[in-house]
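As stored in my_file10.txt (compact mmCIF, C-alpha atoms):
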# COMPACT_ATOMS: atom_id res chain seq x y z
CA MET J 1 13.95 10.94 4.71
CA ASN J 2 16.37 8.35 3.32
CA THR J 3 15.86 7.95 -0.44
CA ILE J 4 16.65 4.68 -2.21
CA ASN J 5 16.81 4.73 -6.00
CA LEU J 6 15.20 1.46 -7.06
CA GLY J 7 15.40 -0.06 -10.52
CA PHE J 8 13.20 -2.87 -11.82
CA SER J 9 11.46 -3.95 -15.00
CA PRO J 10 7.90 -3.15 -16.14
CA CYS J 11 7.14 -6.88 -16.24
CA PRO J 12 4.07 -7.86 -14.19
CA ASN J 13 5.99 -9.89 -11.60
CA ASP J 14 8.23 -6.89 -10.77
CA THR J 15 5.53 -4.22 -10.66
CA PHE J 16 3.41 -6.66 -8.64
CA ILE J 17 5.96 -7.21 -5.87
CA PHE J 18 7.30 -3.63 -5.74
CA HIS J 19 3.89 -1.92 -5.64
CA GLY J 20 3.89 -1.89 -1.84
CA LEU J 21 7.32 -0.26 -1.61
CA VAL J 22 6.88 2.50 -4.16
CA ASN J 23 3.20 3.40 -3.75
CA GLY J 24 2.86 3.58 0.02
CA ALA J 25 0.85 0.40 0.45
CA ILE J 26 3.18 -0.64 3.26
CA ASP J 27 4.80 1.52 5.92
CA THR J 28 8.43 2.09 4.91
CA GLY J 29 9.21 4.42 7.81
CA ASP J 30 11.81 7.05 6.95
CA ILE J 31 12.88 5.23 3.78
CA ARG J 32 11.49 6.46 0.46
CA PHE J 33 11.79 4.29 -2.64
CA VAL J 34 11.93 6.08 -6.00
CA GLU J 35 11.45 3.70 -8.91
CA GLN J 36 12.99 3.68 -12.36
CA LEU J 37 11.69 1.08 -14.79
CA MET J 38 13.99 -0.43 -17.43
CA ASP J 39 14.35 -3.47 -19.65
CA ILE J 40 16.34 -6.30 -18.02
CA ASP J 41 19.40 -5.69 -20.21
CA GLU J 42 19.29 -1.99 -19.28
CA LEU J 43 19.02 -2.95 -15.60
CA ASN J 44 22.05 -5.22 -15.84
CA ASN J 45 24.04 -2.45 -17.50
CA ALA J 46 22.87 0.15 -14.98
CA ALA J 47 24.02 -2.05 -12.10
CA GLU J 48 27.38 -2.53 -13.78
CA ILE J 49 28.07 1.22 -13.55
CA GLY J 50 26.49 1.53 -10.08
CA ALA J 51 23.66 3.75 -11.29
CA MET J 52 21.05 2.52 -8.77
CA ASP J 53 21.07 1.93 -5.01
CA MET J 54 18.86 -1.15 -5.27
CA ILE J 55 18.13 -2.98 -8.48
CA LYS J 56 16.68 -6.08 -10.12
CA VAL J 57 19.32 -7.89 -12.18
CA SER J 58 19.87 -11.26 -13.76
CA PHE J 59 21.71 -13.78 -11.60
CA HIS J 60 24.22 -13.96 -14.43
CA ALA J 61 24.91 -10.23 -14.08
CA TYR J 62 25.19 -10.52 -10.30
CA MET J 63 28.18 -12.82 -10.77
CA TYR J 64 30.10 -9.74 -11.95
CA LEU J 65 28.72 -7.40 -9.27
CA ILE J 66 29.49 -9.24 -6.04
CA ASP J 67 32.24 -6.81 -4.99
CA ASN J 68 29.89 -3.82 -4.88
CA TYR J 69 26.42 -5.28 -4.28
CA ARG J 70 24.92 -7.73 -1.82
CA LEU J 71 22.09 -10.14 -2.61
CA LEU J 72 18.77 -9.62 -0.84
CA SER J 73 16.89 -12.76 0.14
CA SER J 74 13.47 -11.65 -1.16
CA GLY J 75 12.05 -10.41 -4.43
CA GLY J 76 13.85 -12.75 -6.79
CA ALA J 77 12.56 -14.58 -9.85
CA MET J 78 13.19 -18.27 -9.33
CA GLY J 79 11.06 -21.32 -9.86
CA ARG J 80 10.17 -24.36 -11.88
CA GLY J 81 8.60 -24.34 -15.32
CA CYS J 82 9.59 -20.70 -15.83
CA GLY J 83 12.83 -20.90 -17.76
CA PRO J 84 13.69 -19.30 -21.11
CA LEU J 85 12.74 -20.97 -24.38
CA ILE J 86 14.51 -21.17 -27.70
CA ILE J 87 11.99 -20.68 -30.50
CA ALA J 88 12.16 -20.80 -34.29
CA ARG J 89 9.94 -20.59 -37.36
CA GLU J 90 10.18 -24.34 -37.92
CA LYS J 91 10.37 -27.40 -35.72
CA LEU J 92 14.11 -27.99 -35.43
CA GLN J 93 16.62 -29.92 -33.35
CA MET J 94 19.10 -27.97 -31.24
CA SER J 95 21.91 -29.31 -33.42
CA ASP J 96 20.29 -27.55 -36.38
CA LEU J 97 21.02 -24.20 -34.72
CA LEU J 98 24.81 -24.54 -34.69
CA GLY J 99 26.16 -21.58 -36.63
CA LYS J 100 22.71 -20.00 -36.93
CA ARG J 101 21.79 -16.47 -35.85
CA ILE J 102 20.19 -16.57 -32.40
CA ALA J 103 18.57 -13.43 -30.98
CA ILE J 104 19.14 -13.01 -27.23
CA PRO J 105 17.79 -10.48 -24.68
CA GLY J 106 21.25 -9.50 -23.39
CA LYS J 107 24.69 -10.94 -22.78
CA LEU J 108 24.32 -10.69 -19.00
CA THR J 109 20.91 -12.35 -18.80
CA THR J 110 20.61 -15.71 -17.07
CA ALA J 111 18.87 -16.92 -20.23
CA TYR J 112 22.07 -16.39 -22.20
CA LEU J 113 24.14 -18.09 -19.50
CA LEU J 114 21.82 -21.11 -19.68
CA LEU J 115 22.28 -21.22 -23.46
CA LYS J 116 26.06 -21.32 -22.96
CA LEU J 117 25.77 -23.94 -20.23
CA TYR J 118 23.71 -26.09 -22.58
CA ASN J 119 26.18 -25.70 -25.45
CA PRO J 120 28.77 -22.89 -25.67
CA GLU J 121 28.95 -23.37 -29.45
CA LEU J 122 25.46 -21.87 -29.75
CA SER J 123 26.78 -18.50 -28.56
CA ARG J 124 29.03 -17.94 -31.59
CA ASN J 125 26.49 -16.07 -33.73
CA ILE J 126 24.20 -14.08 -31.46
CA ILE J 127 22.20 -10.91 -32.01
CA VAL J 128 21.43 -8.80 -28.91
CA MET J 129 18.10 -6.98 -28.84
CA PRO J 130 15.29 -6.05 -26.39
CA PHE J 131 13.39 -9.16 -25.30
CA ASN J 132 10.11 -7.88 -26.74
CA LYS J 133 11.62 -7.59 -30.25
CA ILE J 134 12.94 -11.14 -30.47
CA MET J 135 9.85 -12.96 -31.71
CA THR J 136 9.27 -10.42 -34.48
CA SER J 137 12.91 -10.70 -35.53
CA VAL J 138 12.52 -14.47 -35.89
CA VAL J 139 9.28 -14.14 -37.83
CA ASN J 140 10.91 -11.62 -40.18
CA GLY J 141 14.00 -13.74 -40.70
CA GLU J 142 16.38 -11.27 -39.07
CA ALA J 143 17.29 -14.13 -36.72
CA ASP J 144 17.07 -17.88 -37.28
CA ALA J 145 16.02 -18.54 -33.68
CA GLY J 146 15.28 -16.56 -30.55
CA LEU J 147 15.94 -16.93 -26.84
CA ILE J 148 12.75 -15.68 -25.21
CA ILE J 149 11.95 -14.72 -21.61
CA HIS J 150 9.17 -13.15 -19.55
CA GLU J 151 5.65 -13.15 -21.01
CA SER J 152 6.93 -14.24 -24.44
CA ARG J 153 6.62 -17.85 -23.30
CA PHE J 154 2.85 -17.32 -23.21
CA THR J 155 2.54 -15.64 -26.61
CA TYR J 156 5.10 -17.17 -29.02
CA LYS J 157 2.55 -19.60 -30.50
CA SER J 158 0.42 -16.68 -31.64
CA TYR J 159 3.37 -15.65 -33.85
CA GLY J 160 3.36 -19.07 -35.51
CA LEU J 161 6.64 -20.00 -33.80
CA HIS J 162 7.75 -23.34 -32.35
CA SER J 163 9.55 -24.13 -29.11
CA ILE J 164 12.83 -25.94 -29.76
CA ILE J 165 13.88 -26.38 -26.14
CA ASP J 166 12.85 -25.16 -22.70
CA LEU J 167 16.19 -24.36 -21.05
CA GLY J 168 14.57 -24.15 -17.62
CA GLN J 169 13.22 -27.66 -18.05
CA TRP J 170 16.67 -28.79 -19.18
CA TRP J 171 18.22 -27.18 -16.08
CA GLU J 172 15.72 -28.87 -13.76
CA GLY J 173 16.45 -32.24 -15.38
CA GLU J 174 20.17 -31.71 -14.96
CA THR J 175 20.12 -30.46 -11.37
CA GLY J 176 16.71 -31.22 -9.84
CA LEU J 177 16.66 -27.57 -8.73
CA PRO J 178 14.58 -24.49 -9.56
CA ILE J 179 16.16 -22.08 -12.01
CA PRO J 180 17.49 -18.78 -10.57
CA LEU J 181 16.61 -16.11 -13.11
CA GLY J 182 16.63 -12.67 -11.49
CA CYS J 183 17.46 -11.19 -8.10
CA ILE J 184 17.31 -7.98 -6.10
CA ILE J 185 20.67 -6.54 -5.06
CA ILE J 186 21.65 -3.50 -3.01
CA LYS J 187 24.86 -1.51 -2.75
CA LYS J 188 27.12 -2.70 0.05
CA SER J 189 27.56 0.93 1.10
CA ILE J 190 23.92 1.06 2.28
CA SER J 191 23.96 0.17 5.97
CA THR J 192 20.18 -0.25 6.29
CA TYR J 193 20.14 -3.22 3.90
CA GLN J 194 18.63 -5.62 6.45
CA CYS J 195 15.73 -3.26 7.15
CA ILE J 196 15.25 -2.80 3.41
CA ASN J 197 15.29 -6.57 2.89
CA ASP J 198 12.54 -6.90 5.51
CA LEU J 199 10.49 -4.19 3.78
CA LEU J 200 10.94 -5.92 0.44
CA ARG J 201 9.69 -9.19 1.91
CA GLU J 202 6.71 -7.33 3.39
CA SER J 203 5.97 -5.82 -0.03
CA VAL J 204 6.04 -9.27 -1.64
CA LEU J 205 3.67 -10.67 0.98
CA TYR J 206 1.38 -7.66 0.66
CA ALA J 207 1.09 -8.24 -3.09
CA MET J 208 0.44 -11.95 -2.67
CA ASN J 209 -2.28 -11.28 -0.08
CA ASN J 210 -3.82 -8.23 -1.79
CA ARG J 211 -3.58 -9.04 -5.47
CA ASP J 212 -6.54 -6.89 -6.51
CA LYS J 213 -4.98 -3.80 -4.90
CA THR J 214 -1.81 -4.12 -6.99
CA MET J 215 -3.37 -4.60 -10.40
CA ASP J 216 -3.89 -0.95 -11.36
CA TYR J 217 -0.16 -0.32 -10.97
CA VAL J 218 0.71 -3.54 -12.79
CA LYS J 219 -1.59 -2.73 -15.72
CA ILE J 220 -0.21 0.79 -16.15
CA HIS J 221 3.04 -0.84 -17.24
CA SER J 222 1.48 -3.79 -19.08
CA THR J 223 -0.90 -1.98 -21.39
CA GLU J 224 -0.30 -4.34 -24.31
CA MET J 225 -0.96 -7.51 -22.29
CA ALA J 226 -4.25 -9.27 -21.84
CA ASP J 227 -5.36 -9.82 -18.25
CA GLU J 228 -4.93 -13.56 -18.72
CA VAL J 229 -1.28 -13.11 -19.72
CA ILE J 230 -0.64 -10.73 -16.82
CA ASN J 231 -2.06 -13.16 -14.28
CA SER J 232 -0.27 -16.15 -15.81
CA HIS J 233 2.99 -14.19 -15.65
CA ILE J 234 2.53 -13.36 -11.97
CA ASP J 235 1.47 -16.91 -11.12
CA LEU J 236 4.59 -18.31 -12.78
CA TYR J 237 7.26 -15.94 -11.48
CA VAL J 238 5.97 -15.01 -8.00
CA ASN J 239 6.15 -17.93 -5.59
CA GLU J 240 7.69 -19.16 -2.34
CA TYR J 241 11.20 -18.33 -3.58
CA THR J 242 10.13 -14.72 -4.13
CA VAL J 243 9.36 -14.45 -0.42
CA ASN J 244 12.67 -16.04 0.56
CA TYR J 245 15.09 -18.23 -1.38
CA GLY J 246 15.40 -20.70 1.46
CA GLU J 247 17.80 -23.63 1.54
CA ILE J 248 16.78 -25.02 -1.86
CA GLY J 249 16.99 -21.60 -3.50
CA VAL J 250 20.47 -20.97 -2.11
CA LYS J 251 21.57 -24.37 -3.40
CA ALA J 252 20.20 -23.49 -6.84
CA ILE J 253 22.12 -20.19 -6.86
CA ASP J 254 25.36 -21.89 -5.77
CA THR J 255 24.92 -24.57 -8.42
CA LEU J 256 24.42 -22.00 -11.18
CA PHE J 257 27.50 -20.04 -10.08
CA ASN J 258 29.66 -23.16 -9.71
CA ARG J 259 28.68 -24.58 -13.11
CA ALA J 260 29.37 -21.30 -14.84
CA ASP J 261 32.72 -20.99 -13.07
CA SER J 262 33.76 -24.57 -13.85
CA LEU J 263 33.26 -23.90 -17.59
CA ASN J 264 35.04 -20.51 -17.40
CA LEU J 265 31.84 -18.75 -18.48
CA ILE J 266 32.31 -15.92 -15.94
Output the file's structure as structure tokens, nothing else.
Amino acid sequence: MNTINLGFSPCPNDTFIFHGLVNGAIDTGDIRFVEQLMDIDELNNAAEIGAMDMIKVSFHAYMYLIDNYRLLSSGGAMGRGCGPLIIAREKLQMSDLLGKRIAIPGKLTTAYLLLKLYNPELSRNIIVMPFNKIMTSVVNGEADAGLIIHESRFTYKSYGLHSIIDLGQWWEGETGLPIPLGCIIIKKSISTYQCINDLLRESVLYAMNNRDKTMDYVKIHSTEMADEVINSHIDLYVNEYTVNYGEIGVKAIDTLFNRADSLNLI
């Protein structure tokens, strides 16, 4: 039995698409996938030290990992209307945030890269913390604004917070392309990567076609989320690009990399 150590987040879109691989819902042959769930910043850091065979990371992080990992064509988080938001206690203009404390979910997240692409000056006074602590930190005044990702885009209003800008929407207006947020990568030393990529695609399709059979696993790791939030999260982040990036998805990835490189942000 060939064992693959697989790292991904407890977010509903990840547990949804990986259910088939790790719980025997699809036939993986002689390959066994052993999962380890971590926050996205922890995943990015784990990949940096080569701790996992196969792992979900931010596209921003992947820019630093290309020598040791290859990108798989399925399982990624990419789409439209799903980008990170900057939120604050009051309705502000982006110019009001210059010099202010902005809480971010990690320096290697694509959200943070988008913030720097929008205006590098906004990255001068950042506070790094787990994504699920950001809204509370803004409410409490620990941070003046927060860069939120994942299900936070569905719940920030319940904290009395205001959206200042949708960076995904800004990206789409600038490029006309979906925003590449997260991807699945695998160590280049693993020769069975093409077979694993096919199994990953099969797991994604299984989840999309058998949603009810995945939900117990999803809810185990989403105990604090209402069913409505869980389903909205999956609907937003699991789409055609999760099955395969395709030509448009590849163009979006190239555009993100090229823009970051042209501004010396990587």
> For J:Thr15, which of J:Ile31, J:Ala47, J:Leu37, J:Leu167 is the closest residue, counting only C-alpha atoms?
Replying inline: J:Leu37
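Each of J:Leu43, J:Ala103, J:Val139, J:Ile185 was compared to J:Asn68 using only C-alpha atoms, and J:Ile185 turns out to be the nearest.
Each of J:Leu181, J:Ile127, J:Met94, J:Ile49 was checked against J:Gly81 using all atoms listed in the file; the smallest atom-to-atom distance is that of J:Leu181.
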> How many Å lie between atom CA of J:Thr109 and atom CA of J:Ile230, rounded to one decimal?
Replying inline: 21.7 Å
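When all atoms listed in the file are used to compute distances to J:Met225, the closest of the residues J:Ser95, J:Thr136, J:Thr155, J:Asn5 turns out to be J:Thr155.
With distances taken over all atoms listed in the file, J:His162 is the one residue among J:Lys157, J:His150, J:His162, J:Arg32 lying closest to J:Leu92.
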>> For a cutoff of 12 Å around the file-coordinate point (22.4, -19.0, -22.5), which residues qualify once you count only C-alpha atoms? I'd like the result as a ChimeraX atom specification.
In response: /J:58,60,83-86,102-124,126,146-149,165-168,170-171,181,256,260,265
How would the residues just chosen look if you wrote them out with C-alpha atoms as a PDB file, in the frame of the given file?
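result-v3.pdb was written with the following content:
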ATOM      1  CA  SER J  58      19.870 -11.260 -13.760  1.00  0.00           C
ATOM      2  CA  HIS J  60      24.220 -13.960 -14.430  1.00  0.00           C
ATOM      3  CA  GLY J  83      12.830 -20.900 -17.760  1.00  0.00           C
ATOM      4  CA  PRO J  84      13.690 -19.300 -21.110  1.00  0.00           C
ATOM      5  CA  LEU J  85      12.740 -20.970 -24.380  1.00  0.00           C
ATOM      6  CA  ILE J  86      14.510 -21.170 -27.700  1.00  0.00           C
ATOM      7  CA  ILE J 102      20.190 -16.570 -32.400  1.00  0.00           C
ATOM      8  CA  ALA J 103      18.570 -13.430 -30.980  1.00  0.00           C
ATOM      9  CA  ILE J 104      19.140 -13.010 -27.230  1.00  0.00           C
ATOM     10  CA  PRO J 105      17.790 -10.480 -24.680  1.00  0.00           C
ATOM     11  CA  GLY J 106      21.250  -9.500 -23.390  1.00  0.00           C
ATOM     12  CA  LYS J 107      24.690 -10.940 -22.780  1.00  0.00           C
ATOM     13  CA  LEU J 108      24.320 -10.690 -19.000  1.00  0.00           C
ATOM     14  CA  THR J 109      20.910 -12.350 -18.800  1.00  0.00           C
ATOM     15  CA  THR J 110      20.610 -15.710 -17.070  1.00  0.00           C
ATOM     16  CA  ALA J 111      18.870 -16.920 -20.230  1.00  0.00           C
ATOM     17  CA  TYR J 112      22.070 -16.390 -22.200  1.00  0.00           C
ATOM     18  CA  LEU J 113      24.140 -18.090 -19.500  1.00  0.00           C
ATOM     19  CA  LEU J 114      21.820 -21.110 -19.680  1.00  0.00           C
ATOM     20  CA  LEU J 115      22.280 -21.220 -23.460  1.00  0.00           C
ATOM     21  CA  LYS J 116      26.060 -21.320 -22.960  1.00  0.00           C
ATOM     22  CA  LEU J 117      25.770 -23.940 -20.230  1.00  0.00           C
ATOM     23  CA  TYR J 118      23.710 -26.090 -22.580  1.00  0.00           C
ATOM     24  CA  ASN J 119      26.180 -25.700 -25.450  1.00  0.00           C
ATOM     25  CA  PRO J 120      28.770 -22.890 -25.670  1.00  0.00           C
ATOM     26  CA  GLU J 121      28.950 -23.370 -29.450  1.00  0.00           C
ATOM     27  CA  LEU J 122      25.460 -21.870 -29.750  1.00  0.00           C
ATOM     28  CA  SER J 123      26.780 -18.500 -28.560  1.00  0.00           C
ATOM     29  CA  ARG J 124      29.030 -17.940 -31.590  1.00  0.00           C
ATOM     30  CA  ILE J 126      24.200 -14.080 -31.460  1.00  0.00           C
ATOM     31  CA  GLY J 146      15.280 -16.560 -30.550  1.00  0.00           C
ATOM     32  CA  LEU J 147      15.940 -16.930 -26.840  1.00  0.00           C
ATOM     33  CA  ILE J 148      12.750 -15.680 -25.210  1.00  0.00           C
ATOM     34  CA  ILE J 149      11.950 -14.720 -21.610  1.00  0.00           C
ATOM     35  CA  ILE J 165      13.880 -26.380 -26.140  1.00  0.00           C
ATOM     36  CA  ASP J 166      12.850 -25.160 -22.700  1.00  0.00           C
ATOM     37  CA  LEU J 167      16.190 -24.360 -21.050  1.00  0.00           C
ATOM     38  CA  GLY J 168      14.570 -24.150 -17.620  1.00  0.00           C
ATOM     39  CA  TRP J 170      16.670 -28.790 -19.180  1.00  0.00           C
ATOM     40  CA  TRP J 171      18.220 -27.180 -16.080  1.00  0.00           C
ATOM     41  CA  LEU J 181      16.610 -16.110 -13.110  1.00  0.00           C
ATOM     42  CA  LEU J 256      24.420 -22.000 -11.180  1.00  0.00           C
ATOM     43  CA  ALA J 260      29.370 -21.300 -14.840  1.00  0.00           C
ATOM     44  CA  LEU J 265      31.840 -18.750 -18.480  1.00  0.00           C
TER      45      LEU J 265
END
>> I want to know what sits within 12 Å of J:Met1, based on all atoms listed in the file, with residues of the same chain fewer than 3 positions away left out; could you give that as a VMD selection string?
In response: chain J and resid 4 28 to 34
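Taking atom CA of J:Ser158 and atom CA of J:Phe16 as the two end points, the separation is 25.3 Å.
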> At what distance in Å, to one decimal, does atom CA of J:Pro12 lie from atom CA of J:Ile234?
Replying inline: 6.1 Å
> For J:Val243, which residue among J:Glu202, J:Glu48, J:Glu35, J:Glu172 is the nearest when counting only C-alpha atoms?
Replying inline: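 Using only C-alpha atoms, J:Val243 sits closest to J:Glu202.
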>> Taking 6 positions as the minimum chain separation for residues in the same chain, which residues sit within 10 Å of J:Asp227 when counting only C-alpha atoms? Answer as JSON, numbers by chain.
In response: {"J": [215, 219, 233]}
>> With all atoms listed in the file as the counted atoms, please give the residues lying no more than 12 Å from J:Ile55, apart from itself and same-chain residues fewer than 2 positions off, as a ChimeraX atom specification.
In response: /J:4-9,14,18,33-40,42-53,57-59,61-62,65,69-72,75-76,182-187,200
> In file coordinates, which residues lie within 12 Å of (0.9, -10.6, -3.8) using all atoms listed in the file, given as a VMD selection string?
Replying inline: chain J and resid 12 to 20 25 75 200 to 215 218 231 234 to 235 237 to 240 242 to 243
>> Using only C-alpha atoms, which protein or nucleic acid residues come within 6 Å of J:Leu161? Drop anything in the same chain fewer than 4 positions from it, and give the result as a PyMOL selection string.
In response: chain J and resi 88-89+156-157
File output, stretch 203-264 of chain J (C-alpha atoms) as a PDB file, in the first residue's frame:
ATOM      1  CA  SER J 203     -13.197  12.642  -5.731  1.00  0.00           C
ATOM      2  CA  VAL J 204     -14.330  16.138  -6.745  1.00  0.00           C
ATOM      3  CA  LEU J 205     -16.897  14.738  -9.171  1.00  0.00           C
ATOM      4  CA  TYR J 206     -18.099  12.220  -6.590  1.00  0.00           C
ATOM      5  CA  ALA J 207     -18.746  15.031  -4.110  1.00  0.00           C
ATOM      6  CA  MET J 208     -20.543  17.156  -6.674  1.00  0.00           C
ATOM      7  CA  ASN J 209     -22.768  14.234  -7.689  1.00  0.00           C
ATOM      8  CA  ASN J 210     -23.317  12.821  -4.184  1.00  0.00           C
ATOM      9  CA  ARG J 211     -23.537  15.883  -1.996  1.00  0.00           C
ATOM     10  CA  ASP J 212     -25.678  14.263   0.688  1.00  0.00           C
ATOM     11  CA  LYS J 213     -23.131  11.474   1.182  1.00  0.00           C
ATOM     12  CA  THR J 214     -20.337  13.943   1.963  1.00  0.00           C
ATOM     13  CA  MET J 215     -22.132  16.114   4.488  1.00  0.00           C
ATOM     14  CA  ASP J 216     -21.492  14.061   7.631  1.00  0.00           C
ATOM     15  CA  TYR J 217     -17.739  14.381   7.068  1.00  0.00           C
ATOM     16  CA  VAL J 218     -18.058  18.072   6.220  1.00  0.00           C
ATOM     17  CA  LYS J 219     -20.110  18.824   9.339  1.00  0.00           C
ATOM     18  CA  ILE J 220     -17.686  17.029  11.658  1.00  0.00           C
ATOM     19  CA  HIS J 221     -15.193  19.773  10.849  1.00  0.00           C
ATOM     20  CA  SER J 222     -17.717  22.624  10.619  1.00  0.00           C
ATOM     21  CA  THR J 223     -19.491  22.241  13.933  1.00  0.00           C
ATOM     22  CA  GLU J 224     -19.834  25.992  14.498  1.00  0.00           C
ATOM     23  CA  MET J 225     -21.377  26.681  11.079  1.00  0.00           C
ATOM     24  CA  ALA J 226     -25.039  26.711  10.216  1.00  0.00           C
ATOM     25  CA  ASP J 227     -26.085  24.407   7.380  1.00  0.00           C
ATOM     26  CA  GLU J 228     -26.919  27.446   5.265  1.00  0.00           C
ATOM     27  CA  VAL J 229     -23.370  28.792   5.631  1.00  0.00           C
ATOM     28  CA  ILE J 230     -21.853  25.383   4.873  1.00  0.00           C
ATOM     29  CA  ASN J 231     -23.862  25.007   1.682  1.00  0.00           C
ATOM     30  CA  SER J 232     -23.214  28.602   0.587  1.00  0.00           C
ATOM     31  CA  HIS J 233     -19.494  28.018   1.139  1.00  0.00           C
ATOM     32  CA  ILE J 234     -19.476  24.878  -1.003  1.00  0.00           C
ATOM     33  CA  ASP J 235     -21.590  26.494  -3.719  1.00  0.00           C
ATOM     34  CA  LEU J 236     -19.172  29.425  -3.934  1.00  0.00           C
ATOM     35  CA  TYR J 237     -15.821  27.644  -3.875  1.00  0.00           C
ATOM     36  CA  VAL J 238     -16.570  24.338  -5.645  1.00  0.00           C
ATOM     37  CA  ASN J 239     -17.226  24.824  -9.349  1.00  0.00           C
ATOM     38  CA  GLU J 240     -16.010  23.953 -12.845  1.00  0.00           C
ATOM     39  CA  TYR J 241     -12.489  25.147 -12.021  1.00  0.00           C
ATOM     40  CA  THR J 242     -12.359  22.702  -9.109  1.00  0.00           C
ATOM     41  CA  VAL J 243     -12.820  19.853 -11.568  1.00  0.00           C
ATOM     42  CA  ASN J 244     -10.160  21.220 -13.915  1.00  0.00           C
ATOM     43  CA  TYR J 245      -8.673  24.689 -14.300  1.00  0.00           C
ATOM     44  CA  GLY J 246      -9.046  24.610 -18.062  1.00  0.00           C
ATOM     45  CA  GLU J 247      -7.717  27.258 -20.427  1.00  0.00           C
ATOM     46  CA  ILE J 248      -9.298  30.204 -18.587  1.00  0.00           C
ATOM     47  CA  GLY J 249      -8.079  28.962 -15.223  1.00  0.00           C
ATOM     48  CA  VAL J 250      -4.518  28.551 -16.483  1.00  0.00           C
ATOM     49  CA  LYS J 251      -4.638  32.082 -17.892  1.00  0.00           C
ATOM     50  CA  ALA J 252      -5.813  33.375 -14.505  1.00  0.00           C
ATOM     51  CA  ILE J 253      -2.930  31.606 -12.732  1.00  0.00           C
ATOM     52  CA  ASP J 254      -0.375  32.955 -15.215  1.00  0.00           C
ATOM     53  CA  THR J 255      -1.785  36.468 -14.870  1.00  0.00           C
ATOM     54  CA  LEU J 256      -1.556  36.361 -11.073  1.00  0.00           C
ATOM     55  CA  PHE J 257       2.042  35.112 -11.200  1.00  0.00           C
ATOM     56  CA  ASN J 258       3.084  37.633 -13.861  1.00  0.00           C
ATOM     57  CA  ARG J 259       1.537  40.606 -12.055  1.00  0.00           C
ATOM     58  CA  ALA J 260       3.166  39.651  -8.786  1.00  0.00           C
ATOM     59  CA  ASP J 261       6.513  39.181 -10.513  1.00  0.00           C
ATOM     60  CA  SER J 262       6.305  42.474 -12.412  1.00  0.00           C
ATOM     61  CA  LEU J 263       5.868  44.348  -9.097  1.00  0.00           C
ATOM     62  CA  ASN J 264       8.655  42.353  -7.394  1.00  0.00           C
TER      63      ASN J 264
END
